[in-house]
Structure formats: C-alpha cells, structure tokens
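Asks: Sharing a structure here in structure tokens format.
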Amino acid sequence: MRYLRMLSNSVAAGCLATAYVLVVVLQLNPAIPFQPAVLGSLVTTAGLFYVVHCTVICYVLLVVRQLLAREFFSPGWLSVGVLVWLGAAAAAAGAALMWANVSTFARVLDDSTVAAMTGGALALGGAAISFLLVAWLRRAYGRRGRGVWAFLVCAVAAASLVVPLALRGTGAVSLLDARPLDVTMDSSGPPEPGARVTVIALDAASLEFIARATAEGRLPNFGRLLDAGAVVHLATIHPTSAEAVWAAAATGKLPLGNGVRSASIYHLAGGRDVLELLPDYCFANQLVRLGFLVEEPHTAATLRTRTLWSILSTHGLSVGAVGWPLTEPAPAVRGYVVGDTYLRLAGTPSGVVDSPAVYPAGIQREVTASMEHALASISAFSKDAGSVLDRRQQEAGRTDRVFDRIARDLVASRPPQVVLTRYQGLDPIGHYFLRYASPLEFGDLPDAGRRGLGAVLEDHYRFIDEAIGRAIEALGPDDLLLVASGYGMEPMGMGKRLGERVLGDPYLSGTHDAAPDGFLLAYGAPVAPGHPLARASVVDITPTILYFLGLPIGRDMDGYARADLFRRTFTDRRPISFIPTYDR
C-alpha cells in the first residue's frame, strides 16, 4: 500500500513539474492567448506527455528513497513531508529549465519576453528556497498543525505558477500576424553588365573537416579557396535550423527582424493556435514525433522583411536562387527561383507542370527536364537501399544532385548576375555518418563499420568540391565567389546519444544544437587572401554582397559589410553607403 501512496504523491509532484514546463512553453510563445480553451488544449496534449514522464521520475526518486532509508518510509496519500521536497526539486528544475531556455533563445525573443522569463526563473528559484524553508520550519517546530503546513505548501506552489504567468501577460502580437510586405519590382530594362557573384551555400559543413582533407591532398578546390582566398568564421543563429539560418543570411536581419525563429511552426493537436518555439532541454521534439503537436513548415509568407533576391531585383540586377528555404510560393524576381520544396512538390499531380516553388512559370518544363535527367543519372549508379543508413545517404545525395543539375542548366540557359545555390545534403549525412568519418570522437565503432561507411561524408564533400571547381573556372576578372556554411556539425554528446537511442533515433551521431560556427570562404580577384579574419555572422552575408555590388546597406539590417574581405584597391574606390531601410 505504501507504494501506492508513493505513486499518489508522485502524481501530485509530476503535475506541478508539468505545470512549470507548460509555463515555459507559454513564455516562449507570448502570442498564445491566456484562455481556458487554449490552456485546456495545451494541457491535454503537451501536458499529458510531460505529466507521465515527470510522475515516473518522481516515483523513481521515492522508490530509491525507500530502498536507501534506514527507517520505515510510509507516506500519506498526499504527504506534506514528501511534497515539500519534491516541490523544491521541481521548482529548482523548472528554474533551471526556464533560465536555460532564456540563454538559448535570447536572440530570437523580444526584450519583454526575455525579462518575463528571467523574472519567472527567479520566481521559481525563490519557490524552491521557500519549499526548503517550509521543510526546515516543519522539522524545527514539529509536525503538528498539518493544515498550516499544507496551506504553506499550496501557497508556495500557487505563487510559483502565478508569478511567472503574471509576468508573461495575457498574450502579445505574434510575428506571424504581421502583414506581409508588398514588393514592387523595378520594371526598367536590364542594367549594364557588371561583376557577378556566385554564392554556394552549405548546410552543416565543417571547416575543420575541410582543412584536414585538403591538408591530406583531397578536396582540391576547397584547397584553392583556402590557399588563395579569405576565410572567416560565421556565428550562426540559435536555435539552429536551416530555415532560421538562411532567412537571416538572405535578409541581413536576426530572427526578430525577419520573422523566422525556428525550423517550423507547430499547432496543438485539434487546435488552431500556433506555437512558434518549442522549449529546449526537455525532449519537446518528442511531442511532434508522438503526434501531440502538428508540424507545419514555414513558407515565404513567414518573412517579414525583404530578401536579397528581392532587393537585387528592385535594383534591376538579375538573380537566380536554387534550393533556398522559404521560397514557396516562389517570389517574383528579375531572374528565377527554384525553392527547396520543389522535389517534394514534384511528386504531387500538379507539382511538375505548375509548381508553386518555381518562378517564372515559363521555366517549369526546363526545370522538370533537369530534374528527370539528374534522377536518371542517379538511378544508373545507385544501389538498393537495404538499410536505414543507405536510405538516408541516398535521399540526401539525390536532393543535392537534382538541385545542382537544375542550377547548372538554368545558369547555362539564362545566366544571372547573382547566382545562389544551396546544398543541403551535408546536414542529414553529417547527422548519421559523422561517427564513421570521425571514429576517434566516438570510440565505439567496429572496423567493419569504419571501412564500409567512413567515406560517405567525404564523398559528398567531394561532390560539392566539384561544384566549387566549376564555379571557380567560370569566374571573370571582377567576379566574386562566396562559399558559406551557415552552421557547423559536431559530435553528439554521450548523454544525448543515449537519450536518442531510448526515445528517438538510434542512428544519430552528429548535432548542431550547440550552434557551432559556420564559415565564409571568399575567392576572386577583388578578394584579399588571408585567414582567419575576425569572426563574422551569417547576417553579414547580404550586406557584404550588397557592398560588393555597389548597393547601399539598410541601416535596419543587423549585419555588416565585411569590407576586410577585399583588397585595398577595391575598397578605396568603393565606400560603404547606407539607406534607412529596404522595407519601404
């Protein structure tokens, strides 16, 4: 019977701990209205998930307490003595969770939200101390007057919830509710030919991996960039996702300015309210995997500011963007856009002939033909995907090879002044094959695994190296090549690997949760060789391109033009100019 009483106390403490997690969810999403219907939906979805796990944790603690106790341990159905200690632990854990999420999401939250979460963390820390104080007073003055001690425990628990929610408020305007920008493109004729810019954007490429491979005589074209170009580390966006990183790179603005704060938006199951951010450090992604939350990808409508391709089109420069996120529906530009959702949409009945991820409509057939040629060549050399890892490898490689072929064919038929091509395959390949490429970081691989899968990651680097070689050969005397990795990849820690094996994907080994730096390689006659230069940020990419093309930089951009990438002969005749904003 005492184990049942332990369970009842664990349920009560688990509910309190779950409430703290839900407070963090509400704080990270200040646009969620504080209404009974919304709270009910949140409790029956996310709350149900967390209350089970928190109850199990509390019950394990009590069972361990029972096994280690010298005295007989038999609590009441709702024991003040048990709940005061479990409440203290839950409040301390809630304070730590809240503070960790403030640190993680500070750059994508507004000042009022950061202040509310900081105050909430302090309130929970105070609640933990208050619970401990009640426990001390109860021991010091005896256990009589159970009603008084129970009232104090309930009062501290209630205050620990009311204060953070009061600081959070009843709801604010969401970035998603802002009116999309109306962009008008300059209808004047094309400008005189000028210097061209080629941007090769990479997801999760590692400068350390590239430097090691080039030092050993591999990846020769990366080696040309390292030897004769400029190199700078790029601080990325945290939380790190391709959508948030490349939105920042394409706008020159941090997430608060461009509206993209995460990889997706999330709907409560059965509800319409949107969560823009999920808390970190509490397995919140499992809510999506288990169906408690419905994930919805961002679209071009999420962007709240002008992008590089929009700005260039306004100034009459032709631009071609292939494989970039947040380009569906494809925006109108002077040139062409093939969004990163094209392959997925091509599988739908109307996706090939009328894809919303392609602009202008007149290139639909050309893009489809390029895709079919790429898929045919891939099929000729592909092997049967017998395992999960084989499927992961082939899916990632197929995507990049299709977009590479589309980009090459479009540049050949209608060459733009600025070419932007994104290769996303290194991210999924790195997640699953980093352990085989860097076995010393893991130490648990059999020799057969190293021999069979160790070259998978470098093979994809070699494919990108070939694309860089073609870009170098196509450069004119005044042209610029930028190879940018928006974020890096690093080995997943032992704790998280164990967690993934139990609750998630056991094959994962690489991660970018800690926001490892990306890099920027600049190459061309105007570039001053040298590395490493002072650390930059992904939001510096757009201002730097605008500066190189002689266009003004928006003062409301968070990034800076990295003039130190270029020779003095170039910068002396090209001062940095500004306009207030491109958004009006």
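Naming scheme: A, B, ... for chains in displayed order of the structure tokens; residues 1 onward per chain; ligands 1 onward as shown.
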Name the residues of segment 287-481 of chain A that fall into helix (DSSP H, G or I) according to DSSP on the backbone, using the chain letters and numbers of this document, as an MDAnalysis selection string.
Replies: chainID A and resid 287:289 300:302 308:314 342:346 361:381 388:413 426:437 439:441 447:453 456:473
Asks: Which neighbours of segment 399-413 of chain A fall inside 8 Å, counting only C-alpha atoms, when residues of the same chain fewer than 2 positions from it are skipped, and could you give them as a PyMOL selection string?
Replies: chain A and resi 320+322-323+343+367+370-371+374-375+395-397+415-416+419+421+423-425+467
Asks: For those residues, write C-alpha atoms to a file as an mmCIF file, in the first residue's frame.
Replies:
```cif
data_model
loop_
_atom_site.group_PDB
_atom_site.id
_atom_site.type_symbol
_atom_site.label_atom_id
_atom_site.label_comp_id
_atom_site.auth_asym_id
_atom_site.auth_seq_id
_atom_site.Cartn_x
_atom_site.Cartn_y
_atom_site.Cartn_z
ATOM 1 C CA GLY A 320 18.943 33.025 -59.739
ATOM 2 C CA VAL A 322 18.016 27.370 -56.334
ATOM 3 C CA GLY A 323 17.368 25.205 -53.292
ATOM 4 C CA LEU A 343 11.340 17.959 -55.186
ATOM 5 C CA VAL A 367 13.361 22.601 -64.514
ATOM 6 C CA SER A 370 16.782 18.922 -65.475
ATOM 7 C CA MET A 371 15.264 17.017 -62.551
ATOM 8 C CA ALA A 374 19.512 14.124 -62.713
ATOM 9 C CA LEU A 375 17.291 11.354 -61.356
ATOM 10 C CA GLU A 395 17.917 10.697 -50.101
ATOM 11 C CA ALA A 396 20.397 13.416 -49.124
ATOM 12 C CA GLY A 397 22.614 12.807 -52.140
ATOM 13 C CA PRO A 415 22.903 33.445 -66.759
ATOM 14 C CA PRO A 416 22.025 35.857 -63.933
ATOM 15 C CA VAL A 419 23.686 33.031 -58.518
ATOM 16 C CA THR A 421 22.705 27.699 -54.912
ATOM 17 C CA TYR A 423 23.416 22.301 -50.976
ATOM 18 C CA GLN A 424 21.617 20.794 -48.000
ATOM 19 C CA GLY A 425 22.880 17.197 -48.056
ATOM 20 C CA ALA A 467 30.722 22.231 -57.958
#
```
Asks: Mind giving me the straight-line distance from atom CA of Pro526 of chain A to atom CA of Phe570 of chain A in Å, one decimal?
Replies: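 Interatomic distance, atom CA of Pro526 of chain A to atom CA of Phe570 of chain A: 6.3 Å.
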Asks: Mind checking which residues fall within 12 Å of Ser130 of chain A, counting only C-alpha atoms, ignoring those fewer than 3 positions away in the same chain, and posting them as a ChimeraX atom specification?
Replies: /A:84-85,87-89,91-92,123-127,133-137,152-157,159-160
Asks: I need the residues from that last selection saved to file as a compact mmCIF listing (two decimals), in the first residue's frame (with all heavy atoms), if you can.
Replies:
```txt
# COMPACT_ATOMS: atom_id res chain seq x y z
N VAL A 84 6.87 18.57 -0.08
CA VAL A 84 7.68 19.77 0.09
C VAL A 84 9.06 19.57 -0.54
O VAL A 84 9.63 20.48 -1.13
CB VAL A 84 7.78 20.14 1.59
CG1 VAL A 84 8.66 19.17 2.35
CG2 VAL A 84 8.27 21.56 1.76
N TRP A 85 9.59 18.32 -0.42
CA TRP A 85 10.89 18.06 -1.04
C TRP A 85 10.78 17.87 -2.55
O TRP A 85 11.61 18.39 -3.31
CB TRP A 85 11.53 16.82 -0.40
CG TRP A 85 11.98 17.07 1.01
CD1 TRP A 85 11.38 16.67 2.16
CD2 TRP A 85 13.14 17.83 1.40
NE1 TRP A 85 12.07 17.11 3.25
CE2 TRP A 85 13.16 17.81 2.82
CE3 TRP A 85 14.14 18.48 0.71
CZ2 TRP A 85 14.15 18.45 3.56
CZ3 TRP A 85 15.14 19.12 1.42
CH2 TRP A 85 15.14 19.10 2.83
N GLY A 87 8.46 19.21 -4.36
CA GLY A 87 8.16 20.55 -4.87
C GLY A 87 9.40 21.39 -5.01
O GLY A 87 9.57 22.14 -5.99
N ALA A 88 10.31 21.28 -4.03
CA ALA A 88 11.57 22.02 -4.11
C ALA A 88 12.39 21.57 -5.32
O ALA A 88 12.96 22.39 -6.06
CB ALA A 88 12.37 21.84 -2.82
N ALA A 89 12.44 20.24 -5.52
CA ALA A 89 13.19 19.72 -6.67
C ALA A 89 12.55 20.16 -7.99
O ALA A 89 13.25 20.55 -8.93
CB ALA A 89 13.25 18.20 -6.59
N ALA A 91 10.63 22.84 -8.54
CA ALA A 91 10.81 24.28 -8.73
C ALA A 91 12.23 24.59 -9.16
O ALA A 91 12.45 25.44 -10.04
CB ALA A 91 10.46 25.02 -7.45
N ALA A 92 13.21 23.91 -8.55
CA ALA A 92 14.60 24.14 -8.94
C ALA A 92 14.83 23.71 -10.39
O ALA A 92 15.49 24.42 -11.16
CB ALA A 92 15.55 23.39 -8.00
N ALA A 123 11.61 33.69 -9.85
CA ALA A 123 10.47 33.32 -9.02
C ALA A 123 10.49 31.83 -8.67
O ALA A 123 10.22 31.43 -7.52
CB ALA A 123 9.16 33.68 -9.72
N LEU A 124 10.82 30.99 -9.64
CA LEU A 124 10.89 29.56 -9.36
C LEU A 124 12.06 29.22 -8.45
O LEU A 124 11.96 28.32 -7.60
CB LEU A 124 11.01 28.78 -10.67
CG LEU A 124 9.74 28.72 -11.54
CD1 LEU A 124 9.95 27.78 -12.72
CD2 LEU A 124 8.56 28.26 -10.73
N GLY A 125 13.17 29.93 -8.63
CA GLY A 125 14.27 29.74 -7.69
C GLY A 125 13.86 30.11 -6.28
O GLY A 125 14.19 29.41 -5.31
N GLY A 126 13.12 31.22 -6.15
CA GLY A 126 12.60 31.61 -4.84
C GLY A 126 11.62 30.59 -4.28
O GLY A 126 11.59 30.33 -3.07
N ALA A 127 10.82 29.97 -5.18
CA ALA A 127 9.87 28.95 -4.73
C ALA A 127 10.61 27.72 -4.19
O ALA A 127 10.20 27.13 -3.18
CB ALA A 127 8.96 28.56 -5.88
N LEU A 133 12.46 26.05 2.98
CA LEU A 133 12.23 26.76 4.25
C LEU A 133 11.04 26.15 4.99
O LEU A 133 11.09 25.98 6.22
CB LEU A 133 11.98 28.24 3.97
CG LEU A 133 11.72 29.13 5.20
CD1 LEU A 133 12.93 29.09 6.14
CD2 LEU A 133 11.41 30.55 4.76
N VAL A 134 9.97 25.80 4.27
CA VAL A 134 8.83 25.15 4.91
C VAL A 134 9.26 23.82 5.51
O VAL A 134 8.85 23.46 6.63
CB VAL A 134 7.69 24.95 3.89
CG1 VAL A 134 6.58 24.08 4.48
CG2 VAL A 134 7.12 26.30 3.46
N ALA A 135 10.08 23.07 4.78
CA ALA A 135 10.56 21.78 5.30
C ALA A 135 11.37 21.98 6.58
O ALA A 135 11.23 21.21 7.54
CB ALA A 135 11.41 21.08 4.24
N TRP A 136 12.22 23.01 6.60
CA TRP A 136 13.03 23.27 7.79
C TRP A 136 12.16 23.69 8.98
O TRP A 136 12.35 23.22 10.10
CB TRP A 136 14.05 24.35 7.48
CG TRP A 136 14.91 24.70 8.67
CD1 TRP A 136 15.99 24.03 9.15
CD2 TRP A 136 14.72 25.83 9.53
NE1 TRP A 136 16.51 24.66 10.25
CE2 TRP A 136 15.75 25.77 10.51
CE3 TRP A 136 13.80 26.88 9.56
CZ2 TRP A 136 15.86 26.73 11.52
CZ3 TRP A 136 13.93 27.82 10.56
CH2 TRP A 136 14.94 27.75 11.54
N LEU A 137 11.19 24.59 8.72
CA LEU A 137 10.29 25.04 9.79
C LEU A 137 9.46 23.87 10.34
O LEU A 137 9.24 23.77 11.55
CB LEU A 137 9.36 26.14 9.26
CG LEU A 137 10.02 27.48 8.95
CD1 LEU A 137 9.02 28.42 8.28
CD2 LEU A 137 10.58 28.12 10.22
N LEU A 152 0.79 26.22 3.55
CA LEU A 152 2.03 26.86 3.10
C LEU A 152 2.56 26.22 1.83
O LEU A 152 3.01 26.91 0.90
CB LEU A 152 3.08 26.81 4.21
CG LEU A 152 2.82 27.68 5.43
CD1 LEU A 152 3.88 27.45 6.49
CD2 LEU A 152 2.77 29.16 5.03
N VAL A 153 2.51 24.88 1.77
CA VAL A 153 2.98 24.19 0.56
C VAL A 153 2.13 24.59 -0.65
O VAL A 153 2.64 24.90 -1.73
CB VAL A 153 2.95 22.67 0.76
CG1 VAL A 153 3.21 21.94 -0.56
CG2 VAL A 153 3.99 22.26 1.78
N CYS A 154 0.81 24.61 -0.46
CA CYS A 154 -0.08 25.00 -1.56
C CYS A 154 0.13 26.45 -1.97
O CYS A 154 0.09 26.79 -3.16
CB CYS A 154 -1.54 24.78 -1.17
SG CYS A 154 -1.99 23.04 -0.96
N ALA A 155 0.36 27.32 -0.97
CA ALA A 155 0.57 28.74 -1.27
C ALA A 155 1.84 28.94 -2.08
O ALA A 155 1.87 29.72 -3.04
CB ALA A 155 0.62 29.54 0.03
N VAL A 156 2.93 28.26 -1.68
CA VAL A 156 4.19 28.38 -2.42
C VAL A 156 4.02 27.84 -3.84
O VAL A 156 4.47 28.47 -4.82
CB VAL A 156 5.32 27.64 -1.69
CG1 VAL A 156 6.58 27.61 -2.55
CG2 VAL A 156 5.61 28.30 -0.36
N ALA A 157 3.35 26.70 -3.99
CA ALA A 157 3.14 26.12 -5.32
C ALA A 157 2.31 27.05 -6.20
O ALA A 157 2.63 27.26 -7.38
CB ALA A 157 2.46 24.75 -5.20
N ALA A 159 1.92 30.34 -5.87
CA ALA A 159 2.69 31.54 -6.19
C ALA A 159 3.74 31.28 -7.26
O ALA A 159 4.01 32.13 -8.12
CB ALA A 159 3.36 32.09 -4.93
N SER A 160 4.33 30.07 -7.24
CA SER A 160 5.37 29.74 -8.22
C SER A 160 4.81 29.65 -9.63
O SER A 160 5.56 29.73 -10.61
CB SER A 160 6.05 28.42 -7.84
OG SER A 160 5.15 27.33 -7.97
```
Asks: Return the single residue from A:Pro30, A:Gly430, A:Pro329, A:Gly335 that is closest to Val114 of chain A, with distances computed using only C-alpha atoms.
Replies: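 Selected residue with least distance to Val114 of chain A: A:Pro30.
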Asks: Calculate how many Å separate atom CA of Tyr582 of chain A from atom CA of Gly316 of chain A, rounding to one decimal.
Replies: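 The value is 14.4 Å.
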Asks: Any idea what's packed within 10 Å of Ile579 of chain A, counting only C-alpha atoms, ignoring anything in its chain fewer than 2 positions away? Could you give it as a ChimeraX atom specification?
Replies: /A:551-556,577,581-582
Asks: If you keep all heavy atoms, can you produce a file of those selected residues as a PDB file, in the first residue's frame?
Replies:
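Saved file out.pdb follows:
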```pdb
ATOM      1  N   LEU A 551      25.788  48.566 -53.906  1.00  0.00           N
ATOM      2  CA  LEU A 551      24.453  48.947 -53.459  1.00  0.00           C
ATOM      3  C   LEU A 551      24.490  49.344 -51.989  1.00  0.00           C
ATOM      4  O   LEU A 551      25.325  48.854 -51.219  1.00  0.00           O
ATOM      5  CB  LEU A 551      23.488  47.784 -53.638  1.00  0.00           C
ATOM      6  CG  LEU A 551      23.310  47.272 -55.074  1.00  0.00           C
ATOM      7  CD1 LEU A 551      22.386  46.067 -55.102  1.00  0.00           C
ATOM      8  CD2 LEU A 551      22.768  48.379 -55.976  1.00  0.00           C
ATOM      9  N   PRO A 552      23.596  50.217 -51.575  1.00  0.00           N
ATOM     10  CA  PRO A 552      23.588  50.643 -50.169  1.00  0.00           C
ATOM     11  C   PRO A 552      23.085  49.543 -49.243  1.00  0.00           C
ATOM     12  O   PRO A 552      22.344  48.647 -49.650  1.00  0.00           O
ATOM     13  CB  PRO A 552      22.637  51.844 -50.165  1.00  0.00           C
ATOM     14  CG  PRO A 552      21.737  51.621 -51.342  1.00  0.00           C
ATOM     15  CD  PRO A 552      22.579  50.943 -52.381  1.00  0.00           C
ATOM     16  N   ILE A 553      23.456  49.639 -47.985  1.00  0.00           N
ATOM     17  CA  ILE A 553      23.069  48.683 -46.967  1.00  0.00           C
ATOM     18  C   ILE A 553      21.984  49.309 -46.107  1.00  0.00           C
ATOM     19  O   ILE A 553      22.060  50.490 -45.756  1.00  0.00           O
ATOM     20  CB  ILE A 553      24.288  48.301 -46.099  1.00  0.00           C
ATOM     21  CG1 ILE A 553      25.353  47.659 -46.981  1.00  0.00           C
ATOM     22  CG2 ILE A 553      23.893  47.374 -44.964  1.00  0.00           C
ATOM     23  CD1 ILE A 553      26.705  47.633 -46.353  1.00  0.00           C
ATOM     24  N   GLY A 554      20.964  48.542 -45.775  1.00  0.00           N
ATOM     25  CA  GLY A 554      19.900  49.054 -44.916  1.00  0.00           C
ATOM     26  C   GLY A 554      20.402  49.253 -43.496  1.00  0.00           C
ATOM     27  O   GLY A 554      21.002  48.347 -42.904  1.00  0.00           O
ATOM     28  N   ARG A 555      20.165  50.427 -42.948  1.00  0.00           N
ATOM     29  CA  ARG A 555      20.607  50.674 -41.569  1.00  0.00           C
ATOM     30  C   ARG A 555      19.854  49.812 -40.563  1.00  0.00           C
ATOM     31  O   ARG A 555      20.317  49.643 -39.427  1.00  0.00           O
ATOM     32  CB  ARG A 555      20.431  52.159 -41.220  1.00  0.00           C
ATOM     33  CG  ARG A 555      21.393  53.077 -41.956  1.00  0.00           C
ATOM     34  CD  ARG A 555      21.390  54.471 -41.371  1.00  0.00           C
ATOM     35  NE  ARG A 555      22.286  55.360 -42.093  1.00  0.00           N
ATOM     36  CZ  ARG A 555      23.597  55.465 -41.871  1.00  0.00           C
ATOM     37  NH1 ARG A 555      24.143  54.705 -40.936  1.00  0.00           N
ATOM     38  NH2 ARG A 555      24.340  56.283 -42.564  1.00  0.00           N
ATOM     39  N   ASP A 556      18.705  49.287 -40.953  1.00  0.00           N
ATOM     40  CA  ASP A 556      17.974  48.415 -40.039  1.00  0.00           C
ATOM     41  C   ASP A 556      18.431  46.967 -40.124  1.00  0.00           C
ATOM     42  O   ASP A 556      17.886  46.099 -39.437  1.00  0.00           O
ATOM     43  CB  ASP A 556      16.474  48.507 -40.306  1.00  0.00           C
ATOM     44  CG  ASP A 556      16.094  48.129 -41.732  1.00  0.00           C
ATOM     45  OD1 ASP A 556      16.989  48.109 -42.604  1.00  0.00           O
ATOM     46  OD2 ASP A 556      14.901  47.860 -41.970  1.00  0.00           O
ATOM     47  N   SER A 577      27.927  52.599 -48.321  1.00  0.00           N
ATOM     48  CA  SER A 577      26.815  53.548 -48.302  1.00  0.00           C
ATOM     49  C   SER A 577      25.606  52.898 -47.644  1.00  0.00           C
ATOM     50  O   SER A 577      25.498  51.671 -47.553  1.00  0.00           O
ATOM     51  CB  SER A 577      26.466  53.995 -49.730  1.00  0.00           C
ATOM     52  OG  SER A 577      26.091  52.883 -50.530  1.00  0.00           O
ATOM     53  N   THR A 581      16.174  51.896 -44.849  1.00  0.00           N
ATOM     54  CA  THR A 581      15.605  50.543 -44.881  1.00  0.00           C
ATOM     55  C   THR A 581      15.230  50.196 -46.306  1.00  0.00           C
ATOM     56  O   THR A 581      15.015  51.093 -47.141  1.00  0.00           O
ATOM     57  CB  THR A 581      14.365  50.444 -43.975  1.00  0.00           C
ATOM     58  OG1 THR A 581      13.873  49.100 -44.001  1.00  0.00           O
ATOM     59  CG2 THR A 581      13.269  51.392 -44.427  1.00  0.00           C
ATOM     60  N   TYR A 582      15.138  48.927 -46.587  1.00  0.00           N
ATOM     61  CA  TYR A 582      14.620  48.453 -47.864  1.00  0.00           C
ATOM     62  C   TYR A 582      13.148  48.055 -47.762  1.00  0.00           C
ATOM     63  O   TYR A 582      12.561  47.601 -48.742  1.00  0.00           O
ATOM     64  CB  TYR A 582      15.427  47.245 -48.343  1.00  0.00           C
ATOM     65  CG  TYR A 582      16.724  47.613 -49.038  1.00  0.00           C
ATOM     66  CD1 TYR A 582      17.944  47.467 -48.391  1.00  0.00           C
ATOM     67  CD2 TYR A 582      16.733  48.102 -50.342  1.00  0.00           C
ATOM     68  CE1 TYR A 582      19.133  47.784 -49.018  1.00  0.00           C
ATOM     69  CE2 TYR A 582      17.913  48.432 -50.982  1.00  0.00           C
ATOM     70  CZ  TYR A 582      19.110  48.270 -50.318  1.00  0.00           C
ATOM     71  OH  TYR A 582      20.287  48.600 -50.961  1.00  0.00           O
TER      72      TYR A 582
END
```
Asks: Which residues are close to Pro239 of chain A, i.e. within 8 Å by only C-alpha atoms, leaving aside same-chain residues fewer than 6 positions away? Reply as a tab-separated table (two decimals) with all heavy atoms, in the first residue's frame.
Replies:
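Listing of selection.tsv after writing:
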```tsv
chain	number	residue	atom	x	y	z
A	104	THR	N	19.25	30.11	-24.38
A	104	THR	CA	19.21	29.53	-25.72
A	104	THR	C	18.49	30.42	-26.72
A	104	THR	O	18.96	30.62	-27.84
A	104	THR	CB	18.51	28.16	-25.66
A	104	THR	OG1	19.27	27.28	-24.86
A	104	THR	CG2	18.36	27.57	-27.06
A	105	PHE	N	17.36	30.98	-26.33
A	105	PHE	CA	16.51	31.70	-27.27
A	105	PHE	C	16.60	33.21	-27.16
A	105	PHE	O	15.81	33.92	-27.79
A	105	PHE	CB	15.05	31.29	-27.05
A	105	PHE	CG	14.75	29.85	-27.37
A	105	PHE	CD1	14.59	28.92	-26.36
A	105	PHE	CD2	14.65	29.42	-28.67
A	105	PHE	CE1	14.32	27.60	-26.64
A	105	PHE	CE2	14.38	28.10	-28.98
A	105	PHE	CZ	14.22	27.19	-27.96
A	261	ARG	N	11.93	32.21	-36.65
A	261	ARG	CA	12.63	31.95	-35.39
A	261	ARG	C	12.92	30.47	-35.17
A	261	ARG	O	13.60	30.12	-34.21
A	261	ARG	CB	11.80	32.47	-34.23
A	261	ARG	CG	11.45	33.96	-34.35
A	261	ARG	CD	11.07	34.55	-33.03
A	261	ARG	NE	9.77	34.07	-32.57
A	261	ARG	CZ	9.27	34.32	-31.36
A	261	ARG	NH1	10.00	35.03	-30.50
A	261	ARG	NH2	8.09	33.88	-31.01
A	262	SER	N	12.41	29.60	-36.02
A	262	SER	CA	12.61	28.17	-35.82
A	262	SER	C	12.44	27.45	-37.15
A	262	SER	O	12.18	28.07	-38.18
A	262	SER	CB	11.59	27.64	-34.80
A	262	SER	OG	10.27	27.85	-35.26
A	513	ASP	N	23.12	21.41	-32.22
A	513	ASP	CA	22.31	22.04	-31.18
A	513	ASP	C	23.08	23.12	-30.44
A	513	ASP	O	22.49	24.09	-29.96
A	513	ASP	CB	21.83	20.98	-30.18
A	513	ASP	CG	20.75	20.09	-30.76
A	513	ASP	OD1	20.21	20.45	-31.83
A	513	ASP	OD2	20.45	19.05	-30.17
A	515	ALA	N	25.04	25.17	-31.67
A	515	ALA	CA	25.30	26.25	-32.62
A	515	ALA	C	26.78	26.41	-32.95
A	515	ALA	O	27.36	27.48	-32.76
A	515	ALA	CB	24.74	27.58	-32.08
```
Asks: Taking only C-alpha atoms into account, name the residue in A:Ala474, A:Ala19, A:Ile237, A:Leu86 that is nearest to Ala514 of chain A.
Replies: A:Ile237
Asks: Please provide as a PyMOL selection string all residues within 8 Å of segment 476-486 of chain A, with the sequence filter that same-chain residues fewer than 5 positions apart are discarded (counting only C-alpha atoms).
Replies: chain A and resi 195-206+234+236+242+245-246+249+471+517-527+538
Asks: Could you tell me how far atom CA of Gly94 of chain A sits from atom CA of Leu26 of chain A, in Å to one decimal place?
Replies: 13.4 Å
Asks: Within 7 Å of Glu295 of chain A, counting only C-alpha atoms, which residues qualify if same-chain residues fewer than 3 places away don't, as a compact mmCIF listing (two decimals) with C-alpha atoms, in the first residue's frame?
Replies:
```
# COMPACT_ATOMS: atom_id res chain seq x y z
CA SER A 264 8.71 25.15 -38.37
CA ILE A 265 5.60 26.31 -36.62
CA TYR A 266 3.51 23.92 -34.55
CA HIS A 267 -0.20 23.52 -33.96
CA VAL A 288 5.89 16.15 -32.72
```
Asks: Could you check the closest approach to Ser103 of chain A for each of A:Gly223, A:Glu296, A:Val11, A:His238 and tell me which residue wins, using only C-alpha atoms?
Replies: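 Of all the options, A:His238 lies closest to Ser103 of chain A.
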Asks: Select, from A:Pro297, A:Gly252, A:Pro220, A:Pro36, the residue with the minimum atom-to-atom distance to Gly469 of chain A, counting only C-alpha atoms.
Replies: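 Under the stated criterion, the closest residue is A:Pro220.
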